[in-house]
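J.: Provided herewith is a single structure, encoded as structure tokens, for subsequent inquiry.
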Number of protein chains: 2
Amino acid sequence: MPDSHSANTDSQLPPDSVGLITPETARFDTPLALACGKTLSAYDLVYETYGTLNAERTNAVLVCHALSGHHHAAGYHHPDDRKPGWWDAYIGPGKPVDTQRFFVISVNNLGGCHGSTGPLSHNPDTGRLWGPDFPVVTVSDWVHSQARLADRLGIERFAAVIGGSLGGMQVMQWSIDYPKRIANAAVIAATPKLSAQNIAFNEVARQAIRSDPDFADGWYAEHGSVPKRGLKLARMVGHITYLSADAMGSKFGRDLRSDDLHFGFGVEFQVESYLRYQGDTFSSSFDANTYLLMTKALDYFDPAAEYSGDLAQALAPAQCPFLVLSFSSDWRFPPSRSRELVDALIHAGKRVCSAIIDSPYGHDAFLLPEPRYQAIFSAFMQRAAQAAELAAPPTAQPEESQP
Amino acid sequence: MPDSHSANTDSQLPPDSVGLITPETARFDTPLALACGKTLSAYDLVYETYGTLNAERTNAVLVCHALSGHHHAAGYHHPDDRKPGWWDAYIGPGKPVDTQRFFVISVNNLGGCHGSTGPLSHNPDTGRLWGPDFPVVTVSDWVHSQARLADRLGIERFAAVIGGSLGGMQVMQWSIDYPKRIANAAVIAATPKLSAQNIAFNEVARQAIRSDPDFADGWYAEHGSVPKRGLKLARMVGHITYLSADAMGSKFGRDLRSDDLHFGFGVEFQVESYLRYQGDTFSSSFDANTYLLMTKALDYFDPAAEYSGDLAQALAPAQCPFLVLSFSSDWRFPPSRSRELVDALIHAGKRVCSAIIDSPYGHDAFLLPEPRYQAIFSAFMQRAAQAAELAAPPTAQPEESQP
């Protein structure tokens, strides 16, 4: 059983932070059959938890991460961390995912590069690193591995499964594959399947990585190289799709980096400097094979495919209420894509609450604090908390003595 | 003086084609001072002409090309060419740019890779190829070099200067720099300046090329290499921005290339195959240094910059009527960007006719036949032709004998 990490006892950290967090690792030795036909004989999942699991184990919330995400969703690993976890704006005491009421689990997905078994792990069959031999994993595979983690932690049913972008796809898959184990589903800035344009951008990113000579057919780690040029390009093109054109315009406009034009190929405009920096930072911290796997999981996600494209039919098994949120300026997964999900849920007779949040920040808006987003997400999670607490009657209190 | 190439005498070619065309080269030995501060001591411009220049030289139309364009705008170079020039849908006998009335000149810009002086030419100062030493050229530089070509051909004033995308920017610059030499201006699918997002996509393309080890700091030709990986990526990302998301969706959707999923990194979806093909083709036919120069010319174009952003003031010198067209699904230079130009023209008291053409094909729509686009463009060009013909009174005909 994990320890609780809800107490923020470090006075240097914000009072609404979950505080200092230590990731944990769960080892699984039961083989996991993957959608691609291969089997992982054993694997590790790294995860973090925030808040306290109640005695009846009814208040657990699963957080699913996006393309370049990981298990570190809230709090800090070290007191001097410059930034908290990626969804810290929404997870913590008094926040929408209130760690005073919920026990939150955030897991690094299989194929990841932050501690869970992935391309940087050793392949027991060969003794080498997995590298490019790591099997292509799907959203479904992740959900099955997450269900095993829930088993390990003694959680029969999640009070909610929540996530944004690729994380939202995992939430959809949970509602289909484990309808009895998910009491509420929050699908944020996601889509029931990628568009051709989405796939096209992913393909550019993959080609950038795979055509980098330092990629060495995926065996770069053994070659002592890193395909930094390819990863940098992949991140640069990805980053453009995460921001709205307007947000880029108001952040950078056509501002020059210095006063004069240089008529050369150094940085001329601020937006170039920003993109190069984003690309450089990412290429020093993320694994190229993992990036390839994550984009493939995005491309393949399409639960309606086996129902001739009928998403309502694919969602028929789902039993929980849904919250579906999208953002007005998100052009990666725009509101129209969330609406496909909402329409299918309604058509399938499911309970669904949806909203389009006005935001200028594009796809990245799902990570940023925004009052209406916070209010709607909070309201949904409060109902989930109430239901979880009803399912777990309060410990009997000593009766008050009569006056 | 150029020959006329308007007669389509090859019966295998479509009857509304300008027919077989032979490009011509004009050599200029008067130094050209460039915006970057450098000077080209001498240079060639390759161009094509369609139709016949009238005796009074009032019916010439200048066509300006876009990022990856060239002088071959209409007709065929060989009877077995698979495709005609890039704007053949709009240039030819009976077409909007009617070669029965106009003498059309289409020029390859300086810095290009189709015969005009550029990175693949010899630098007279060093004896080497220009390569990365070729100076950064601007839209203004191009317009000045085009004006010299007009001088050479004895054309004092163009009946119209026309172009799409980067070509439209040259049209704007013509109206500002040579107001007495342009009788009509057609600015199609363009913008008075790039947005931060536009610059960001260009920067990704440049980084893709420049980080390709085969780029060799731009000296690839001397090294006997070609930065094909970088050019391919640049074209792939560019191509995504030329098509609308809807057009990509209806053209490819999520169609698989074969019946089954392969769970690997080969081509899985049709859109991946298409993009790779586009990238491969382009990387075999276009020069990397030229691509870098063209994207820089786009980035730098901003005629309002020297007027504190006041575009109306920048356009004050213009005297001609303008046609400004944009396309509903163009997200590279959307209708809102054309509207900035229209608003500034109106504010500056200029004559402007504008329309948003409904089209699903994104930025590429400016190249494709579309009835309303053809009708509006035709009407504008017919007025230009009438004015040109009024300026050139018809040759006196023998009087009819009285009955």
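Simple scheme: letters A, B, ... for chains in structure tokens order, numbers from 1 for residues in each chain, numbers from 1 for ligands in the order shown.
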Please build the interface table for chain A against chain B with a cut-off of 8 Å, listing for each qualifying residue the nearest atom pair and the distance in Å to one decimal; count only C-alpha atoms, order rows by chain and increasing number, and write it as a Markdown table.
T.:
| residue | atom | partner | partner_atom | distance |
| --- | --- | --- | --- | --- |
| A:Cys36 | CA | B:Phe263 | CA | 5.9 |
| A:Val136 | CA | B:Phe263 | CA | 5.7 |
| A:Leu194 | CA | B:Arg254 | CA | 8.0 |
| A:Ser195 | CA | B:Gly249 | CA | 6.4 |
| A:Ala196 | CA | B:Gly249 | CA | 5.2 |
| A:Gln197 | CA | B:Ala245 | CA | 5.5 |
| A:Ile199 | CA | B:Val271 | CA | 7.5 |
| A:Ala200 | CA | B:Glu272 | CA | 6.2 |
| A:Phe201 | CA | B:Val237 | CA | 7.3 |
| A:Glu203 | CA | B:Glu272 | CA | 6.3 |
| A:Val204 | CA | B:Leu233 | CA | 6.5 |
| A:Gln207 | CA | B:Leu233 | CA | 7.3 |
| A:Ala208 | CA | B:Leu233 | CA | 6.7 |
| A:Ser211 | CA | B:Arg229 | CA | 6.4 |
| A:Asp212 | CA | B:Asp212 | CA | 7.6 |
| A:Arg229 | CA | B:Ser211 | CA | 6.4 |
| A:Leu233 | CA | B:Val204 | CA | 6.5 |
| A:Met236 | CA | B:Val204 | CA | 6.6 |
| A:Val237 | CA | B:Val204 | CA | 6.6 |
| A:Ile240 | CA | B:Gln197 | CA | 7.0 |
| A:Ala245 | CA | B:Gln197 | CA | 5.5 |
| A:Met248 | CA | B:Ala196 | CA | 5.8 |
| A:Gly249 | CA | B:Ala196 | CA | 5.2 |
| A:Phe252 | CA | B:Ala196 | CA | 6.5 |
| A:Gly253 | CA | B:Ala196 | CA | 5.3 |
| A:Arg254 | CA | B:Ala196 | CA | 6.0 |
| A:His262 | CA | B:Cys36 | CA | 7.7 |
| A:Phe263 | CA | B:Val136 | CA | 5.7 |
| A:Gly264 | CA | B:Val136 | CA | 6.7 |
| A:Val271 | CA | B:Ala196 | CA | 6.4 |
| A:Glu272 | CA | B:Ala200 | CA | 6.2 |
| A:Leu275 | CA | B:Ala200 | CA | 7.4 |
J.: Please save C-alpha atoms of the selected residues as a PDB file, in the first residue's frame.
T.:
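Full text of out_9.pdb as output:
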ATOM      1  CA  CYS A  36      -0.124  -5.583 -31.382  1.00  0.00           C
ATOM      2  CA  VAL A 136       3.891  -0.520 -30.098  1.00  0.00           C
ATOM      3  CA  LEU A 194      -7.265  11.719 -34.765  1.00  0.00           C
ATOM      4  CA  SER A 195      -8.001  13.574 -37.995  1.00  0.00           C
ATOM      5  CA  ALA A 196      -5.876  13.146 -41.102  1.00  0.00           C
ATOM      6  CA  GLN A 197      -4.221  16.463 -40.243  1.00  0.00           C
ATOM      7  CA  ILE A 199      -1.861  12.110 -38.118  1.00  0.00           C
ATOM      8  CA  ALA A 200       0.045  14.198 -40.655  1.00  0.00           C
ATOM      9  CA  PHE A 201       1.644  16.326 -37.936  1.00  0.00           C
ATOM     10  CA  GLU A 203       4.093  11.713 -39.136  1.00  0.00           C
ATOM     11  CA  VAL A 204       6.264  14.810 -39.632  1.00  0.00           C
ATOM     12  CA  GLN A 207      10.057  11.366 -39.830  1.00  0.00           C
ATOM     13  CA  ALA A 208      12.095  14.103 -38.170  1.00  0.00           C
ATOM     14  CA  SER A 211      15.625  10.475 -40.379  1.00  0.00           C
ATOM     15  CA  ASP A 212      18.093  11.918 -37.870  1.00  0.00           C
ATOM     16  CA  ARG A 229      17.990  17.300 -34.009  1.00  0.00           C
ATOM     17  CA  LEU A 233      12.108  19.407 -34.751  1.00  0.00           C
ATOM     18  CA  MET A 236       8.929  22.477 -32.442  1.00  0.00           C
ATOM     19  CA  VAL A 237       6.211  21.331 -34.821  1.00  0.00           C
ATOM     20  CA  ILE A 240       3.027  25.093 -32.818  1.00  0.00           C
ATOM     21  CA  ALA A 245      -2.289  31.298 -33.694  1.00  0.00           C
ATOM     22  CA  MET A 248       1.390  33.031 -30.509  1.00  0.00           C
ATOM     23  CA  GLY A 249       0.503  36.374 -32.015  1.00  0.00           C
ATOM     24  CA  PHE A 252       5.378  37.162 -29.752  1.00  0.00           C
ATOM     25  CA  GLY A 253       3.790  39.022 -32.644  1.00  0.00           C
ATOM     26  CA  ARG A 254       6.525  39.960 -35.068  1.00  0.00           C
ATOM     27  CA  HIS A 262      20.190  40.804 -39.727  1.00  0.00           C
ATOM     28  CA  PHE A 263      19.216  39.275 -43.081  1.00  0.00           C
ATOM     29  CA  GLY A 264      20.652  35.928 -42.040  1.00  0.00           C
ATOM     30  CA  VAL A 271       9.001  33.312 -31.802  1.00  0.00           C
ATOM     31  CA  GLU A 272      12.006  31.620 -33.416  1.00  0.00           C
ATOM     32  CA  LEU A 275      10.623  27.523 -30.475  1.00  0.00           C
TER      33      LEU A 275
END
J.: Extract, using only C-alpha atoms, all DNA, RNA and protein residues at most 8 Å from region 57-73 of chain B, discarding same-chain residues fewer than 3 positions from it, and format them as a PyMOL selection string.
T.: chain B and resi 23+46-48+53-54+84-88+91+101-109+112+114+154-168+170-171+286+291+294-295+385+388-389+391-392
J.: Take the residues from that selection and put them in a file with N, CA and C atoms, as a CSV table (one decimal), in the first residue's frame.
T.:
chain,number,residue,atom,x,y,z
B,23,PRO,N,11.4,28.9,-72.2
B,23,PRO,CA,11.9,30.0,-71.3
B,23,PRO,C,13.0,30.8,-72.0
B,46,VAL,N,15.4,34.4,-65.5
B,46,VAL,CA,14.7,33.5,-66.5
B,46,VAL,C,13.2,33.8,-66.5
B,47,TYR,N,12.6,33.8,-67.6
B,47,TYR,CA,11.2,34.2,-67.7
B,47,TYR,C,10.5,33.5,-68.9
B,48,GLU,N,9.2,33.4,-68.8
B,48,GLU,CA,8.4,32.9,-69.9
B,48,GLU,C,7.4,34.0,-70.3
B,53,LEU,N,2.6,41.0,-77.2
B,53,LEU,CA,2.7,42.4,-76.8
B,53,LEU,C,2.2,43.3,-77.9
B,54,ASN,N,1.2,44.1,-77.5
B,54,ASN,CA,0.7,45.0,-78.6
B,54,ASN,C,1.7,46.1,-79.0
B,84,PRO,N,0.9,20.9,-66.8
B,84,PRO,CA,1.3,22.3,-67.3
B,84,PRO,C,1.9,23.1,-66.2
B,85,GLY,N,2.1,24.4,-66.5
B,85,GLY,CA,2.6,25.3,-65.5
B,85,GLY,C,1.7,25.5,-64.3
B,86,TRP,N,2.2,26.1,-63.3
B,86,TRP,CA,1.5,26.0,-62.0
B,86,TRP,C,0.2,26.8,-61.9
B,87,TRP,N,0.0,27.9,-62.9
B,87,TRP,CA,-1.2,28.6,-62.8
B,87,TRP,C,-2.0,28.5,-64.1
B,88,ASP,N,-1.8,27.3,-64.8
B,88,ASP,CA,-2.4,27.1,-66.1
B,88,ASP,C,-3.9,27.2,-66.0
B,91,ILE,N,-4.3,31.0,-66.8
B,91,ILE,CA,-3.6,31.7,-67.8
B,91,ILE,C,-3.7,31.0,-69.1
B,101,ARG,N,-5.6,38.5,-75.2
B,101,ARG,CA,-5.6,39.9,-75.0
B,101,ARG,C,-4.4,40.4,-74.3
B,102,PHE,N,-3.8,39.6,-73.5
B,102,PHE,CA,-2.7,40.0,-72.7
B,102,PHE,C,-1.4,39.4,-73.2
B,103,PHE,N,-0.3,40.1,-72.9
B,103,PHE,CA,1.1,39.6,-73.1
B,103,PHE,C,1.6,39.3,-71.7
B,104,VAL,N,1.7,38.1,-71.3
B,104,VAL,CA,1.9,37.7,-69.9
B,104,VAL,C,3.4,37.4,-69.7
B,105,ILE,N,4.0,37.9,-68.7
B,105,ILE,CA,5.4,37.6,-68.4
B,105,ILE,C,5.4,37.0,-67.0
B,106,SER,N,6.1,35.9,-66.9
B,106,SER,CA,6.3,35.1,-65.7
B,106,SER,C,7.7,34.9,-65.4
B,107,VAL,N,8.2,35.4,-64.3
B,107,VAL,CA,9.7,35.4,-64.1
B,107,VAL,C,10.1,34.6,-62.9
B,108,ASN,N,11.2,33.9,-62.9
B,108,ASN,CA,11.8,33.2,-61.8
B,108,ASN,C,12.5,34.2,-61.0
B,109,ASN,N,12.2,34.3,-59.7
B,109,ASN,CA,12.8,35.4,-58.9
B,109,ASN,C,14.3,35.1,-58.5
B,112,GLY,N,16.2,32.1,-56.8
B,112,GLY,CA,15.5,30.9,-57.2
B,112,GLY,C,16.5,29.8,-57.6
B,114,HIS,N,15.6,27.8,-60.6
B,114,HIS,CA,15.1,27.4,-61.9
B,114,HIS,C,15.7,28.2,-63.0
B,154,GLY,N,10.8,46.8,-72.7
B,154,GLY,CA,10.1,48.0,-73.3
B,154,GLY,C,8.7,48.3,-72.7
B,155,ILE,N,8.5,47.7,-71.5
B,155,ILE,CA,7.2,47.9,-70.9
B,155,ILE,C,7.2,49.0,-69.8
B,156,GLU,N,6.6,50.1,-70.1
B,156,GLU,CA,6.6,51.2,-69.2
B,156,GLU,C,5.6,50.9,-68.0
B,157,ARG,N,4.5,50.3,-68.3
B,157,ARG,CA,3.5,50.2,-67.3
B,157,ARG,C,2.8,48.8,-67.6
B,158,PHE,N,2.6,48.1,-66.5
B,158,PHE,CA,1.9,46.8,-66.6
B,158,PHE,C,0.4,47.0,-66.6
B,159,ALA,N,-0.4,46.4,-67.5
B,159,ALA,CA,-1.8,46.4,-67.4
B,159,ALA,C,-2.3,45.8,-66.1
B,160,ALA,N,-1.5,44.8,-65.6
B,160,ALA,CA,-1.8,44.3,-64.3
B,160,ALA,C,-0.5,43.5,-63.8
B,161,VAL,N,-0.4,43.6,-62.4
B,161,VAL,CA,0.6,42.7,-61.8
B,161,VAL,C,-0.2,41.8,-60.9
B,162,ILE,N,0.0,40.5,-61.0
B,162,ILE,CA,-0.9,39.5,-60.3
B,162,ILE,C,0.0,38.4,-59.6
B,163,GLY,N,-0.6,37.9,-58.6
B,163,GLY,CA,0.1,36.8,-57.9
B,163,GLY,C,-0.6,36.3,-56.7
B,164,GLY,N,-0.3,35.0,-56.3
B,164,GLY,CA,-0.9,34.4,-55.1
B,164,GLY,C,0.1,34.1,-54.1
B,165,SER,N,-0.3,34.2,-52.8
B,165,SER,CA,0.6,33.9,-51.7
B,165,SER,C,1.8,34.9,-51.7
B,166,LEU,N,3.0,34.3,-51.6
B,166,LEU,CA,4.2,35.2,-51.7
B,166,LEU,C,4.1,36.1,-53.0
B,167,GLY,N,3.5,35.5,-54.1
B,167,GLY,CA,3.3,36.3,-55.3
B,167,GLY,C,2.5,37.6,-55.0
B,168,GLY,N,1.4,37.4,-54.2
B,168,GLY,CA,0.6,38.5,-53.9
B,168,GLY,C,1.3,39.6,-53.1
B,170,GLN,N,4.4,40.4,-53.6
B,170,GLN,CA,5.1,41.2,-54.7
B,170,GLN,C,4.2,42.2,-55.3
B,171,VAL,N,2.9,41.8,-55.5
B,171,VAL,CA,2.0,42.7,-56.1
B,171,VAL,C,1.8,43.9,-55.2
B,286,PHE,N,14.1,20.6,-55.7
B,286,PHE,CA,14.2,22.0,-55.2
B,286,PHE,C,15.5,22.2,-54.5
B,291,TYR,N,15.1,27.4,-50.8
B,291,TYR,CA,14.0,27.3,-49.9
B,291,TYR,C,14.2,28.2,-48.7
B,294,MET,N,13.6,31.8,-49.7
B,294,MET,CA,12.2,32.2,-50.0
B,294,MET,C,11.4,32.3,-48.7
B,295,THR,N,11.7,31.4,-47.7
B,295,THR,CA,11.0,31.6,-46.4
B,295,THR,C,11.4,32.9,-45.7
B,385,ALA,N,-8.0,44.6,-69.4
B,385,ALA,CA,-7.8,44.4,-70.8
B,385,ALA,C,-8.4,45.6,-71.6
B,388,ALA,N,-6.4,48.6,-71.2
B,388,ALA,CA,-5.1,48.4,-72.0
B,388,ALA,C,-5.4,48.7,-73.4
B,389,GLU,N,-6.5,48.2,-73.9
B,389,GLU,CA,-6.9,48.3,-75.3
B,389,GLU,C,-7.3,49.8,-75.7
B,391,ALA,N,-6.0,52.3,-74.2
B,391,ALA,CA,-4.7,53.0,-74.2
B,391,ALA,C,-4.0,52.7,-75.5
B,392,ALA,N,-4.4,51.7,-76.2
B,392,ALA,CA,-3.8,51.3,-77.5
B,392,ALA,C,-4.8,51.3,-78.6
J.: If you run DSSP over the backbone, which residues in region 258-386 of chain A end up strand (DSSP E)? Put them as a list of chain:residue names.
T.: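 Of region 258-386 of chain A, only A:Phe322, A:Leu323, A:Val324, A:Leu325, A:Ser326, A:Phe327, A:Val352, A:Cys353, A:Ser354, A:Ala355, A:Ile356, A:Ile357 fall in strand (DSSP E).
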J.: Any idea what the distance is between CA of Cys353 (chain A) and CA of Phe366 (chain A)?
T.: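 Answer for the CA of Cys353 (chain A) to CA of Phe366 (chain A) separation: 16.8 Å.
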J.: In terms of the shortest atom-to-atom distance over only C-alpha atoms, which of A:Ile188, A:Ala304, A:Ala74, A:Leu256 is closest to Val97 (chain A)?
T.: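 Comparing A:Ile188, A:Ala304, A:Ala74, A:Leu256 against Val97 (chain A), the winner is A:Ala74.
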J.: Hey, what does DSSP flag as helix (DSSP H, G or I) within region 153-300 of chain B? Can you give it to me as a count of residues only?
T.: 90
J.: List the spatial neighbours of region 355-358 of chain A as a list of chain:residue names - criterion: any atom at most 10 Å away, only C-alpha atoms, same-chain residues fewer than 6 positions off excluded.
T.: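 Neighbouring residues, sequence-local ones excluded: A:Ile188, A:Ala189, A:Leu323, A:Val324, A:Leu325, A:Ser326, A:Phe327, A:Ser328, A:Ser329, A:Asp330, A:Pro334, A:Pro335, A:Ser336, A:Ser338, A:Arg339, A:Val342, A:Ala365, A:Phe366, A:Glu370, A:Pro371, A:Arg372, A:Tyr373, A:Ile376.
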J.: Could you check how far CA of Leu34 (chain A) sits from CA of Asp310 (chain A), in Å to one decimal?
T.: 23.8 Å
J.: For Gly349 (chain B), please output as a count of residues only all residues within 12 Å (counting only C-alpha atoms; exclusion window: fewer than 5 positions along the same chain).
T.: 13
